[in-house]
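This is query.cif. It holds mmCIF, C-alpha atoms and all ligand atoms.
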data_query
loop_
_atom_site.label_atom_id
_atom_site.label_comp_id
_atom_site.auth_asym_id
_atom_site.auth_seq_id
_atom_site.Cartn_x
_atom_site.Cartn_y
_atom_site.Cartn_z
CA MET A 1 19.13 35.91 -27.20
CA SER A 2 17.61 32.69 -25.99
CA THR A 3 17.80 29.71 -23.74
CA ILE A 4 16.84 26.25 -24.99
CA GLU A 5 15.64 23.68 -22.45
CA MET A 6 15.11 20.02 -23.19
CA ASN A 7 13.08 18.44 -20.40
CA HIS A 8 12.66 14.66 -20.45
CA ILE A 9 12.60 14.61 -24.25
CA THR A 10 11.77 11.21 -25.75
CA LYS A 11 11.29 10.18 -29.37
CA VAL A 12 9.57 6.98 -30.46
CA TYR A 13 9.37 6.65 -34.24
CA GLY A 14 6.27 5.34 -36.02
CA ASP A 15 7.73 1.85 -36.25
CA GLY A 16 8.09 1.77 -32.46
CA PHE A 17 11.84 2.47 -32.44
CA LYS A 18 12.95 4.56 -29.46
CA ALA A 19 15.60 6.88 -30.88
CA VAL A 20 15.89 9.32 -27.94
CA THR A 21 15.21 8.47 -24.30
CA ASP A 22 14.48 10.99 -21.55
CA VAL A 23 17.08 13.61 -22.48
CA ASN A 24 17.55 16.62 -20.18
CA ILE A 25 19.81 19.44 -21.34
CA ASP A 26 19.64 23.18 -20.62
CA VAL A 27 21.44 25.36 -23.14
CA ALA A 28 22.35 28.74 -21.67
CA ASP A 29 21.92 32.04 -23.46
CA GLY A 30 24.77 32.44 -25.95
CA GLU A 31 26.14 28.99 -25.22
CA PHE A 32 27.65 26.70 -27.86
CA LEU A 33 26.39 23.19 -27.12
CA ILE A 34 27.55 20.13 -29.05
CA LEU A 35 25.57 16.93 -29.46
CA VAL A 36 28.05 14.16 -30.14
CA GLY A 37 27.90 10.38 -30.37
CA PRO A 38 28.44 7.58 -32.84
CA SER A 39 26.23 7.20 -35.88
CA GLY A 40 22.67 6.25 -34.90
CA SER A 41 22.90 7.61 -31.34
CA GLY A 42 19.96 10.00 -31.87
CA LYS A 43 21.76 13.33 -32.42
CA SER A 44 19.90 14.35 -35.58
CA THR A 45 16.60 13.20 -34.16
CA LEU A 46 17.11 15.45 -31.13
CA LEU A 47 18.14 18.41 -33.28
CA ARG A 48 15.17 17.93 -35.59
CA MET A 49 12.85 17.91 -32.58
CA ILE A 50 14.31 21.22 -31.43
CA VAL A 51 13.84 22.88 -34.80
CA GLY A 52 10.39 21.35 -35.26
CA LEU A 53 10.99 18.98 -38.17
CA GLU A 54 10.16 15.99 -35.99
CA ASP A 55 7.37 15.56 -33.43
CA ILE A 56 8.35 15.19 -29.80
CA THR A 57 6.82 11.99 -28.38
CA SER A 58 7.03 13.14 -24.78
CA GLY A 59 8.77 15.77 -22.70
CA ASP A 60 8.95 19.54 -23.08
CA LEU A 61 10.97 21.73 -25.37
CA VAL A 62 11.16 25.21 -23.85
CA ILE A 63 12.69 28.17 -25.69
CA ASP A 64 13.07 31.36 -23.69
CA GLY A 65 10.56 30.14 -21.14
CA THR A 66 7.85 29.19 -23.66
CA ARG A 67 6.87 25.59 -24.42
CA MET A 68 7.42 25.04 -28.14
CA ASN A 69 6.39 21.40 -28.71
CA ASP A 70 3.37 22.31 -30.79
CA ARG A 71 4.74 25.38 -32.57
CA ALA A 72 5.50 25.20 -36.29
CA PRO A 73 9.22 25.41 -37.23
CA ARG A 74 8.99 29.00 -38.48
CA ASP A 75 7.42 30.14 -35.21
CA ARG A 76 10.38 28.85 -33.24
CA ASN A 77 12.65 31.39 -34.94
CA LEU A 78 15.66 29.08 -35.11
CA SER A 79 18.10 29.00 -38.02
CA MET A 80 19.29 25.63 -39.24
CA VAL A 81 22.41 24.96 -41.29
CA PHE A 82 22.26 21.55 -42.98
CA GLN A 83 25.03 19.19 -43.99
CA ASN A 84 24.34 19.70 -47.70
CA TYR A 85 23.82 23.48 -47.18
CA ALA A 86 20.45 23.38 -49.00
CA LEU A 87 21.29 26.40 -51.16
CA TYR A 88 19.05 27.41 -54.05
CA PRO A 89 21.05 26.57 -57.20
CA HIS A 90 19.25 29.05 -59.46
CA LEU A 91 19.76 32.01 -57.10
CA THR A 92 22.92 34.08 -56.73
CA VAL A 93 24.88 34.18 -53.51
CA PHE A 94 23.26 37.55 -52.76
CA GLU A 95 19.75 36.17 -53.20
CA ASN A 96 20.54 33.01 -51.26
CA ILE A 97 21.63 35.08 -48.27
CA ALA A 98 18.75 37.53 -48.66
CA PHE A 99 16.17 34.76 -49.00
CA PRO A 100 14.90 34.69 -45.38
CA LEU A 101 14.33 38.47 -45.50
CA ARG A 102 12.25 38.16 -48.66
CA LEU A 103 10.11 35.53 -46.92
CA SER A 104 9.69 37.64 -43.84
CA LYS A 105 6.16 38.76 -42.95
CA ASN A 106 7.28 42.32 -42.37
CA LYS A 107 8.54 43.57 -45.68
CA VAL A 108 12.17 44.65 -45.44
CA PRO A 109 13.08 47.61 -47.71
CA GLU A 110 15.44 46.80 -50.57
CA SER A 111 18.07 49.24 -49.32
CA LYS A 112 18.09 47.57 -45.91
CA ILE A 113 18.43 44.13 -47.53
CA LYS A 114 21.39 45.36 -49.52
CA GLU A 115 23.04 46.77 -46.44
CA MET A 116 22.54 43.63 -44.36
CA VAL A 117 23.68 41.20 -47.07
CA GLY A 118 26.71 43.43 -47.71
CA GLU A 119 27.71 43.45 -44.07
CA ILE A 120 27.37 39.70 -43.72
CA ALA A 121 29.19 39.09 -47.02
CA ASP A 122 32.07 41.21 -45.70
CA SER A 123 32.33 39.32 -42.45
CA LEU A 124 32.21 35.99 -44.30
CA GLU A 125 34.53 37.16 -47.09
CA LEU A 126 31.91 36.60 -49.73
CA ARG A 127 31.67 40.16 -51.08
CA GLU A 128 33.31 39.37 -54.43
CA HIS A 129 31.13 36.29 -54.94
CA LEU A 130 27.73 37.90 -54.46
CA ASP A 131 26.74 37.62 -58.13
CA ARG A 132 27.80 34.00 -58.55
CA LYS A 133 25.68 30.86 -58.38
CA PRO A 134 26.36 28.15 -55.77
CA ALA A 135 27.50 25.64 -58.43
CA ASN A 136 30.52 27.86 -59.14
CA LEU A 137 31.65 28.05 -55.52
CA SER A 138 34.01 25.86 -53.54
CA GLY A 139 32.70 23.72 -50.69
CA GLY A 140 33.91 26.18 -48.08
CA GLN A 141 32.31 29.14 -49.85
CA ARG A 142 28.98 27.32 -50.10
CA GLN A 143 29.24 26.61 -46.41
CA ARG A 144 29.72 30.30 -45.71
CA VAL A 145 26.74 31.23 -47.85
CA ALA A 146 24.63 28.79 -45.85
CA MET A 147 25.88 30.42 -42.67
CA GLY A 148 25.18 33.87 -44.03
CA ARG A 149 21.61 32.86 -44.74
CA ALA A 150 21.27 31.53 -41.22
CA ILE A 151 22.73 34.69 -39.66
CA ILE A 152 20.62 37.20 -41.53
CA ARG A 153 17.42 36.11 -39.85
CA SER A 154 18.55 37.31 -36.43
CA ALA A 155 17.20 34.06 -35.10
CA ASN A 156 16.96 33.09 -31.46
CA GLY A 157 19.28 30.18 -32.04
CA PHE A 158 21.53 28.40 -34.53
CA LEU A 159 21.21 24.71 -35.21
CA PHE A 160 23.92 22.88 -37.16
CA ASP A 161 23.63 19.33 -38.46
CA GLU A 162 27.12 18.02 -39.27
CA PRO A 163 27.90 21.13 -41.35
CA LEU A 164 31.54 20.24 -42.02
CA SER A 165 31.36 16.56 -42.84
CA ASN A 166 31.51 17.09 -46.60
CA LEU A 167 34.67 19.18 -46.48
CA ASP A 168 38.29 18.05 -46.69
CA ALA A 169 40.39 18.04 -43.54
CA LYS A 170 42.12 21.40 -44.12
CA LEU A 171 38.94 23.27 -44.91
CA ARG A 172 37.19 21.60 -42.01
CA GLY A 173 39.82 23.04 -39.69
CA GLN A 174 39.40 26.53 -41.17
CA MET A 175 35.61 26.45 -41.05
CA ARG A 176 35.70 25.20 -37.49
CA THR A 177 37.59 28.31 -36.45
CA GLU A 178 35.28 30.48 -38.54
CA ILE A 179 32.13 29.04 -36.96
CA ALA A 180 33.56 29.44 -33.46
CA ARG A 181 34.43 33.10 -34.13
CA LEU A 182 31.08 33.91 -35.67
CA GLN A 183 29.17 32.26 -32.89
CA ARG A 184 31.03 34.31 -30.29
CA ARG A 185 30.62 37.56 -32.18
CA LEU A 186 26.92 37.03 -32.63
CA GLY A 187 26.49 35.63 -29.14
CA ILE A 188 23.74 33.35 -30.45
CA THR A 189 22.73 30.21 -28.58
CA THR A 190 23.89 27.29 -30.72
CA VAL A 191 23.27 23.55 -30.87
CA TYR A 192 25.66 21.69 -33.15
CA VAL A 193 25.56 18.01 -34.12
CA THR A 194 28.71 16.10 -34.99
CA HIS A 195 30.07 12.56 -34.72
CA ASP A 196 33.61 13.94 -34.67
CA GLN A 197 35.06 14.19 -31.19
CA THR A 198 37.75 16.68 -32.27
CA GLU A 199 35.08 19.03 -33.56
CA ALA A 200 33.13 18.53 -30.35
CA MET A 201 36.11 19.24 -28.12
CA THR A 202 37.30 22.30 -30.00
CA LEU A 203 33.98 24.02 -30.63
CA GLY A 204 31.79 23.29 -27.65
CA ASP A 205 31.37 25.27 -24.47
CA ARG A 206 29.75 22.07 -23.32
CA VAL A 207 29.42 18.72 -25.03
CA ALA A 208 26.50 16.30 -24.64
CA VAL A 209 27.55 12.71 -25.31
CA LEU A 210 24.78 10.41 -26.54
CA ARG A 211 24.77 6.63 -26.73
CA ARG A 212 21.82 4.80 -28.26
CA GLY A 213 19.52 7.74 -27.58
CA VAL A 214 20.55 8.07 -23.93
CA LEU A 215 22.48 11.09 -22.65
CA GLN A 216 25.65 9.88 -20.94
CA GLN A 217 27.19 13.15 -19.79
CA VAL A 218 26.90 16.83 -20.60
CA ALA A 219 29.95 18.81 -19.55
CA SER A 220 32.77 21.06 -20.70
CA PRO A 221 35.40 19.40 -22.91
CA ARG A 222 37.86 19.51 -20.03
CA GLU A 223 35.51 17.76 -17.63
CA LEU A 224 34.71 15.06 -20.20
CA TYR A 225 38.41 14.51 -20.70
CA GLU A 226 39.47 14.57 -17.05
CA GLN A 227 36.35 13.28 -15.26
CA PRO A 228 34.34 11.05 -17.62
CA VAL A 229 31.38 9.35 -15.96
CA ASN A 230 31.83 6.01 -17.67
CA LEU A 231 33.80 3.81 -20.05
CA PHE A 232 31.81 4.99 -23.06
CA VAL A 233 32.55 8.69 -22.59
CA ALA A 234 36.16 7.93 -21.67
CA GLY A 235 36.62 5.90 -24.84
CA PHE A 236 34.91 8.43 -27.05
CA ILE A 237 36.83 11.51 -25.99
CA GLY A 238 40.55 11.82 -26.74
CA SER A 239 42.82 10.97 -29.63
CA PRO A 240 44.53 8.56 -29.69
CA PRO A 241 41.87 6.99 -27.48
CA MET A 242 42.28 6.07 -23.84
CA ASN A 243 43.88 2.66 -23.21
CA PHE A 244 41.72 0.14 -21.38
CA LEU A 245 43.59 -2.52 -19.46
CA PRO A 246 42.17 -5.43 -17.46
CA ALA A 247 43.20 -5.25 -13.80
CA THR A 248 42.69 -7.32 -10.66
CA VAL A 249 42.21 -5.72 -7.26
CA GLY A 250 45.01 -6.84 -4.90
CA ASP A 251 46.22 -5.68 -1.48
CA ASN A 252 46.54 -1.92 -2.00
CA VAL A 253 47.49 -2.57 -5.58
CA LEU A 254 45.97 -2.87 -9.04
CA GLU A 255 47.53 -5.80 -10.85
CA MET A 256 47.75 -4.96 -14.51
CA PRO A 257 49.66 -5.99 -17.62
CA PHE A 258 53.12 -4.29 -17.66
CA VAL A 259 52.88 -2.58 -14.28
CA ASN A 260 51.13 -2.65 -10.92
CA LEU A 261 49.74 0.65 -9.69
CA PRO A 262 48.64 1.84 -6.24
CA LEU A 263 44.98 1.03 -5.57
CA PRO A 264 42.90 4.24 -5.58
CA GLU A 265 40.98 4.65 -2.32
CA ALA A 266 37.57 4.77 -4.04
CA VAL A 267 38.24 1.45 -5.76
CA GLY A 268 39.33 -0.16 -2.48
CA LYS A 269 35.99 0.87 -0.98
CA ALA A 270 33.83 -0.28 -3.89
CA LYS A 271 35.60 -3.54 -4.74
CA ASN A 272 36.97 -6.65 -3.06
CA LYS A 273 40.30 -8.36 -3.44
CA GLY A 274 40.31 -10.50 -6.58
CA ASP A 275 37.64 -8.43 -8.38
CA LEU A 276 38.24 -7.62 -12.02
CA VAL A 277 38.12 -3.95 -13.08
CA ILE A 278 39.07 -1.99 -16.19
CA VAL A 279 41.80 0.62 -15.88
CA GLY A 280 41.77 3.54 -18.30
CA VAL A 281 45.06 5.32 -18.96
CA ARG A 282 45.47 7.98 -21.61
CA PRO A 283 48.48 7.63 -23.93
CA GLU A 284 49.77 10.99 -22.71
CA ALA A 285 49.93 9.80 -19.08
CA PHE A 286 53.08 7.88 -20.06
CA GLU A 287 56.58 9.16 -20.71
CA ASP A 288 59.98 7.82 -21.61
CA ALA A 289 61.46 7.36 -18.09
CA ASN A 290 64.78 8.81 -19.26
CA LEU A 291 63.07 12.08 -20.09
CA VAL A 292 61.33 12.50 -16.74
CA GLU A 293 63.26 14.93 -14.58
CA GLU A 294 64.75 13.41 -11.45
CA VAL A 295 62.57 15.57 -9.16
CA HIS A 296 59.37 14.24 -10.77
CA ARG A 297 60.32 10.59 -11.00
CA HIS A 298 58.91 9.67 -7.60
CA GLU A 299 55.50 11.07 -8.63
CA GLY A 300 55.09 8.18 -11.04
CA VAL A 301 55.81 4.50 -11.43
CA THR A 302 58.60 3.25 -13.69
CA PHE A 303 58.44 -0.08 -15.51
CA THR A 304 60.13 -1.93 -18.35
CA ALA A 305 58.26 -3.29 -21.37
CA THR A 306 58.98 -4.40 -24.90
CA VAL A 307 58.01 -1.91 -27.58
CA ASP A 308 56.61 -3.48 -30.73
CA VAL A 309 56.26 -0.49 -33.05
CA THR A 310 57.02 3.24 -32.80
CA GLU A 311 55.70 6.16 -34.83
CA TRP A 312 57.53 9.48 -34.75
CA LEU A 313 55.41 12.55 -35.46
CA GLY A 314 57.94 15.28 -34.75
CA ASN A 315 56.64 16.71 -31.50
CA GLU A 316 55.67 13.32 -30.11
CA LYS A 317 56.33 9.65 -30.57
CA TYR A 318 53.77 6.90 -30.23
CA ALA A 319 54.90 3.49 -29.02
CA TYR A 320 52.75 0.36 -29.25
CA LEU A 321 53.05 -2.45 -26.72
CA PRO A 322 50.98 -5.61 -27.20
CA PHE A 323 49.54 -7.39 -24.16
CA GLU A 324 47.54 -10.53 -23.42
CA PRO A 325 43.82 -9.72 -23.48
CA HIS A 326 41.69 -10.93 -20.59
CA LYS A 327 38.80 -13.05 -21.79
CA ASP A 328 36.34 -11.73 -19.20
CA VAL A 329 36.67 -8.10 -20.25
CA GLN A 330 37.81 -8.42 -23.84
CA GLN A 331 34.35 -9.12 -25.16
CA ALA A 332 32.92 -6.04 -23.46
CA LEU A 333 35.78 -3.91 -24.78
CA ASN A 334 35.37 -5.25 -28.32
CA GLU A 335 31.70 -4.42 -28.18
CA LEU A 336 32.48 -0.91 -26.92
CA ASP A 337 34.90 -0.46 -29.79
CA ARG A 338 32.33 -1.46 -32.37
CA GLU A 339 29.90 0.98 -30.84
CA LEU A 340 32.43 3.80 -30.83
CA ASP A 341 33.20 3.17 -34.50
CA GLY A 342 36.63 2.71 -32.94
CA GLU A 343 39.86 2.22 -34.74
CA ALA A 344 41.54 1.35 -31.47
CA MET A 345 43.35 -1.96 -31.09
CA ARG A 346 42.38 -3.00 -27.62
CA THR A 347 45.11 -5.58 -27.19
CA GLN A 348 47.96 -3.14 -27.39
CA LEU A 349 48.90 -0.29 -25.15
CA VAL A 350 49.47 3.01 -26.94
CA VAL A 351 51.80 5.44 -25.22
CA SER A 352 52.60 8.95 -26.32
CA LEU A 353 56.19 10.00 -25.58
CA ASP A 354 58.08 13.21 -26.14
CA GLY A 355 59.38 13.57 -29.72
CA SER A 356 62.96 13.57 -28.41
CA SER A 357 62.62 10.06 -26.97
CA LYS A 358 65.33 7.63 -28.14
CA ILE A 359 63.12 4.57 -27.66
CA ARG A 360 63.13 2.40 -30.81
CA GLN A 361 60.91 -0.45 -31.89
CA GLY A 362 62.06 -3.78 -30.46
CA ASP A 363 63.60 -2.06 -27.40
CA ASP A 364 62.96 -3.14 -23.84
CA ALA A 365 62.06 0.38 -22.87
CA GLU A 366 61.90 2.03 -19.49
CA LEU A 367 58.59 3.86 -19.25
CA TRP A 368 57.07 6.07 -16.59
CA VAL A 369 53.38 6.54 -15.81
CA ASN A 370 51.58 8.95 -13.53
CA PRO A 371 49.09 6.93 -11.43
CA ASP A 372 47.08 10.04 -10.48
CA SER A 373 45.79 10.30 -14.02
CA ILE A 374 44.26 6.84 -14.27
CA HIS A 375 40.56 6.01 -14.21
CA VAL A 376 39.15 2.76 -12.88
CA PHE A 377 35.90 1.45 -14.32
CA ASP A 378 33.49 -1.19 -13.07
CA ALA A 379 33.97 -4.13 -15.46
CA GLU A 380 30.23 -4.74 -15.72
CA SER A 381 28.46 -1.37 -15.56
CA GLY A 382 31.34 0.65 -17.03
CA ASP A 383 30.86 3.32 -14.32
CA ASN A 384 33.92 5.36 -13.45
CA LEU A 385 34.73 4.41 -9.84
CA THR A 386 37.42 7.10 -9.57
CA ARG A 387 35.44 10.13 -10.78
CA ASP A 388 36.03 13.00 -8.38
CA GLU A 389 32.77 14.95 -8.04
CA SER A 390 34.29 17.96 -6.32
CA LYS A 391 37.00 18.30 -8.98
CA ALA A 392 34.35 17.91 -11.66
CA ARG A 393 32.31 20.72 -10.13
CA GLN A 394 35.35 22.94 -9.94
CA ILE A 395 36.12 22.33 -13.63
CA ALA A 396 32.49 23.07 -14.51
CA ASP A 397 32.59 26.38 -12.63
CA GLU A 398 35.86 27.42 -14.25
CA SER A 399 34.61 26.49 -17.72
CA GLU A 400 31.44 28.50 -17.23
CA GLU A 401 33.49 31.51 -16.15
CA ASP A 402 35.73 31.11 -19.20
CA ARG A 403 32.71 30.93 -21.47
CA LYS A 404 31.19 34.11 -20.12
CA ARG A 405 34.47 35.95 -20.34
CA GLU A 406 35.08 34.84 -23.94
CA LEU A 407 31.61 35.82 -24.99
CA ALA A 408 31.88 39.24 -23.36
CA ARG A 409 35.26 39.83 -24.95
CA ALA A 410 34.04 38.89 -28.44
CA GLN A 411 31.01 41.13 -28.06
CA GLU A 412 33.14 44.02 -26.95
CA LYS A 413 35.90 43.65 -29.54
CA GLU A 414 34.10 42.72 -32.73
CA PRO A 415 30.37 42.45 -32.27
CA LEU A 416 28.34 41.42 -35.28
CA LYS A 417 24.78 42.58 -35.03
CA VAL A 418 22.29 42.06 -37.78
P1 LIG A 501 22.47 10.12 -35.46
O1 LIG A 501 22.10 11.49 -35.91
O2 LIG A 501 23.10 10.09 -34.12
O3 LIG A 501 23.26 9.36 -36.48
P2 LIG A 501 19.65 9.59 -35.83
O4 LIG A 501 18.97 10.56 -34.95
O5 LIG A 501 19.71 9.89 -37.27
O6 LIG A 501 21.11 9.29 -35.26
O7 LIG A 501 18.96 8.17 -35.66
C1 LIG A 501 18.81 7.55 -34.40
C2 LIG A 501 18.15 6.21 -34.60
O8 LIG A 501 16.80 6.39 -35.04
C3 LIG A 501 18.83 5.33 -35.65
O9 LIG A 501 18.87 4.01 -35.17
C4 LIG A 501 17.95 5.47 -36.85
O10 LIG A 501 17.98 4.30 -37.63
C5 LIG A 501 16.56 5.66 -36.22
N1 LIG A 501 15.67 6.45 -37.09
C6 LIG A 501 15.92 7.65 -37.67
N2 LIG A 501 14.86 8.08 -38.39
C7 LIG A 501 13.90 7.13 -38.26
C8 LIG A 501 12.56 6.98 -38.76
N3 LIG A 501 11.99 7.92 -39.52
N4 LIG A 501 11.89 5.86 -38.41
C9 LIG A 501 12.45 4.92 -37.63
N5 LIG A 501 13.69 5.00 -37.12
C10 LIG A 501 14.43 6.08 -37.43
#
Written as C-alpha cells, how would this file's structure read?
Ligand code: ADP
Amino acid sequence: MSTIEMNHITKVYGDGFKAVTDVNIDVADGEFLILVGPSGSGKSTLLRMIVGLEDITSGDLVIDGTRMNDRAPRDRNLSMVFQNYALYPHLTVFENIAFPLRLSKNKVPESKIKEMVGEIADSLELREHLDRKPANLSGGQRQRVAMGRAIIRSANGFLFDEPLSNLDAKLRGQMRTEIARLQRRLGITTVYVTHDQTEAMTLGDRVAVLRRGVLQQVASPRELYEQPVNLFVAGFIGSPPMNFLPATVGDNVLEMPFVNLPLPEAVGKAKNKGDLVIVGVRPEAFEDANLVEEVHRHEGVTFTATVDVTEWLGNEKYAYLPFEPHKDVQQALNELDRELDGEAMRTQLVVSLDGSSKIRQGDDAELWVNPDSIHVFDAESGDNLTRDESKARQIADESEEDRKRELARAQEKEPLKV
C-alpha cells in the first residue's frame, strides 16, 4: 500500500533536451493512474524516473512519504511490467514467476515459493503452463507471466510501460479487463503508460494527459471527456474525435458552418463581437432530427445540411459533412492534428446518429444538435472558455467516491493477497 507523489518533476537529458517539465501528480493509495499522450510526450521518461531507471533532474519523487530521488531501483520496491515482457527465455513459466523471490534478500522457503507461484498461476490461468518456456506461449500468456512476476513481489506499486501494444486488438481487449480486475483485487497503486486513449479511458481511475513533456490535465475519464481544459485534451479524448469548427462571435450567437448556436455566457464575457473562436462538438452531440422526440426538440437546434458519406455500424451511423475551412484557424488545427497523431479530417464534420436513422449519403438531411454540450476554445491559446469549474469538481468528487467503492468491493469479494 503506497502513495506516489511527483512534485515539480523535470527531466533534462544529457544533450540538453527537456523531456519532462515541472510535472505535479499525486497518485493515491490503490489508485490506477494512466499517463497518456502522443509519442514523444515524455510518458516513458516520467515512468522511468519513478522506477529509478532514469535520474530526476529536479523536483521530488516521494513514495509513502519518503523522498526516493536518490534510492536505487530495487530499494523503491516497485514492480515494472515492460512492453516486451522481459521474460527469461531459458527459464520455465514457474521459474520466471518465482524469479523475484529467488533474488530476495530474505530467503523464501521452497514450499512457500511453490504455494505462492501456484496461487498466482491459478488466478492468471497459467497453472497448466508452469513447465513451459516463454517461446512456446502465446502473446497473451507471456503477458500474464510478466504480470505474475510483478505481482509476486508484493511491491508497493505497479508500473506498466505500454504492456499491450504488441498484442492484437482482441487480446488487447481481454488483457485490459484482466489488468483492471487484478489491479482492483490487489489494491496496488498503479501507474500505467499508454498512447492509446481507449486504454486510458477504460483503465484509469484518473488520466494524466501529457503534451511535449508538460502535464495538460489530470482527471477522471469522465471529467476529461466532459470538461477538458483545452483544445489538446479535447482532441485527444474521444473516438471518433471531437469536431472543431471555426466560429465568429456575433450578437448572442456563434456563427458557424452549418448552424448558428446561442452564445455561451462565458464566451460573451471573454470575447468581443467579430472575434474568431474554435467550437468543439462531439459527434454524439448530434442526432437525426426525425429521431428526436417531440418533447426534446426544443432543447436543441435543428438545421439542414448535405451529407457526403454515411457509414452504418449497426448500433450507430456516422455521417460526414464537408465544410469550408477557415484559413486563420485551419493551420492551428492541422498542427494539432499532426501532434495528436490524428486521423481526423478537420474539414468535415463527423456526426454520430442512431443506427435506425434513414439518412443516406447525398441527402439534404435534417440534423439536431444539443448546444449545451459544446465547448468553445480560444483560437490562439486553445484554452476552453466554457469549462465549468464547479461541474468539474462535482465529477471529480463522484469519480473518487466510485473508485473507493470499487476498490472496497473488489477487496471484499475476491481479494488477492500475496
Ligand atoms: P513517450 O514515452 O511519450 O513516447 P519519451 O519519454 O520516450 O516519450 O521521450 C520524450 C522525449 O525525450 C522524446 O522527444 C525523446 O526523443 C526524448 N528522449 C528520450 N530519451 C532520450 C535520451 N536518452 N536523450 C535525449 N532525448 C531523449
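With all atoms listed in the file as the atoms that count, the residue of A:Thr189, A:Gln83, A:Gln183, A:Asn230 with the shortest distance to Ile63 in chain A is A:Thr189.
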Every residue with an atom at most 7 Å from (21.5, 33.6, -48.1) (file coordinates; all atoms listed in the file) is what I'm after, so could you write them as a tab-separated table (two decimals) with C-alpha atoms, in the coordinates of the input?
chain	number	residue	atom	x	y	z
A	93	VAL	CA	24.88	34.18	-53.51
A	94	PHE	CA	23.26	37.55	-52.76
A	95	GLU	CA	19.75	36.17	-53.20
A	96	ASN	CA	20.54	33.01	-51.26
A	97	ILE	CA	21.63	35.08	-48.27
A	98	ALA	CA	18.75	37.53	-48.66
A	99	PHE	CA	16.17	34.76	-49.00
A	145	VAL	CA	26.74	31.23	-47.85
A	146	ALA	CA	24.63	28.79	-45.85
A	148	GLY	CA	25.18	33.87	-44.03
A	149	ARG	CA	21.61	32.86	-44.74
Practice task
Grab me every residue within 12 Å of ligand LIG 501 (chain A), counting only C-alpha atoms and all ligand atoms, and send it over as a ChimeraX atom specification.
Solution key: /A:10-21,35-49,53-55,83,160-162,192-196,208-215,339-341
Fill in the blank from the handout: Of A:Arg71, A:Val329, A:Leu313, A:Thr57, the one sitting nearest Gly382 in chain A when using all atoms listed in the file is A:Val329
Handout entry: Closest of A:Val281, A:Ile152, A:Ala270, A:Ala200 to Glu115 in chain A - atom-to-atom distances counting only C-alpha atoms
Key =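 The closest residue to Glu115 in chain A is A:Ile152.
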Sorted by chain and rising residue number, which residues of range 7-96 of chain A lie within 8 Å of range 127-142 of chain A, and what are their closest atom pairs and distances in Å to one decimal, counting all atoms listed in the file, as a tab-separated table?
residue	atom	partner	partner_atom	distance
A:Tyr85	CA	A:Arg142	CA	7.1
A:Leu87	CA	A:Pro134	CA	7.1
A:Tyr88	CA	A:Pro134	CA	7.5
A:Pro89	CA	A:Pro134	CA	5.7
A:His90	CA	A:Lys133	CA	6.8
A:Leu91	CA	A:Lys133	CA	6.2
A:Thr92	CA	A:Lys133	CA	4.6
A:Val93	CA	A:Leu130	CA	4.8
A:Phe94	CA	A:Leu130	CA	4.8
Selection to disk with C-alpha atoms, as a PDB file, in the coordinates of the input:
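Saved as out-v5.pdb:
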ATOM      1  CA  TYR A  85      23.820  23.480 -47.180  1.00  0.00           C
ATOM      2  CA  LEU A  87      21.290  26.400 -51.160  1.00  0.00           C
ATOM      3  CA  TYR A  88      19.050  27.410 -54.050  1.00  0.00           C
ATOM      4  CA  PRO A  89      21.050  26.570 -57.200  1.00  0.00           C
ATOM      5  CA  HIS A  90      19.250  29.050 -59.460  1.00  0.00           C
ATOM      6  CA  LEU A  91      19.760  32.010 -57.100  1.00  0.00           C
ATOM      7  CA  THR A  92      22.920  34.080 -56.730  1.00  0.00           C
ATOM      8  CA  VAL A  93      24.880  34.180 -53.510  1.00  0.00           C
ATOM      9  CA  PHE A  94      23.260  37.550 -52.760  1.00  0.00           C
TER      10      PHE A  94
END
Exercise for the section: Would you kindly identify which residues have an atom no farther than 10 Å from (35.0, 4.8, -14.5), using only C-alpha atoms and the file's own coordinates, and write them out as number ranges by chain? Expected result: A: 227-234, 267, 277-280, 374-379, 381-387
Axis-aligned box for all listed atoms of range 83-98 of chain A, 3 Å per side, centre and edges in Å to one decimal, as AutoDock Vina command-line options:
--center_x 21.9 --center_y 28.4 --center_z -51.7 --size_x 12.3 --size_y 24.4 --size_z 21.5
Handout entry: Shell around Thr248 in chain A at 8 Å using all atoms listed in the file, local window under 5 positions removed, as number ranges by chain
Key = A: 254-256, 273-277
Problem - Selection near Leu182 in chain A, 12 Å with only C-alpha atoms, sequence-local residues under 5 positions removed, as a PyMOL selection string - result: chain A and resi 30+32+120+123-124+144+147-148+150-151+158+175-177+187-190+203+407+410-411+414-417
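Using all atoms listed in the file for every distance, the candidate list A:Asp251, A:Arg409, A:Ala396, A:Val117 yields A:Ala396 as the residue closest to Val207 in chain A.
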Practice task
Can you work out the spacing between CA of Gly250 in chain A and CA of Ala266 in chain A in Å, to one decimal?
Solution key: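 Atom-to-atom, CA of Gly250 in chain A to CA of Ala266 in chain A, that is 13.8 Å.
Taking CA of Gln361 in chain A and CA of Val309 in chain A as the two end points, the separation is 4.8 Å.
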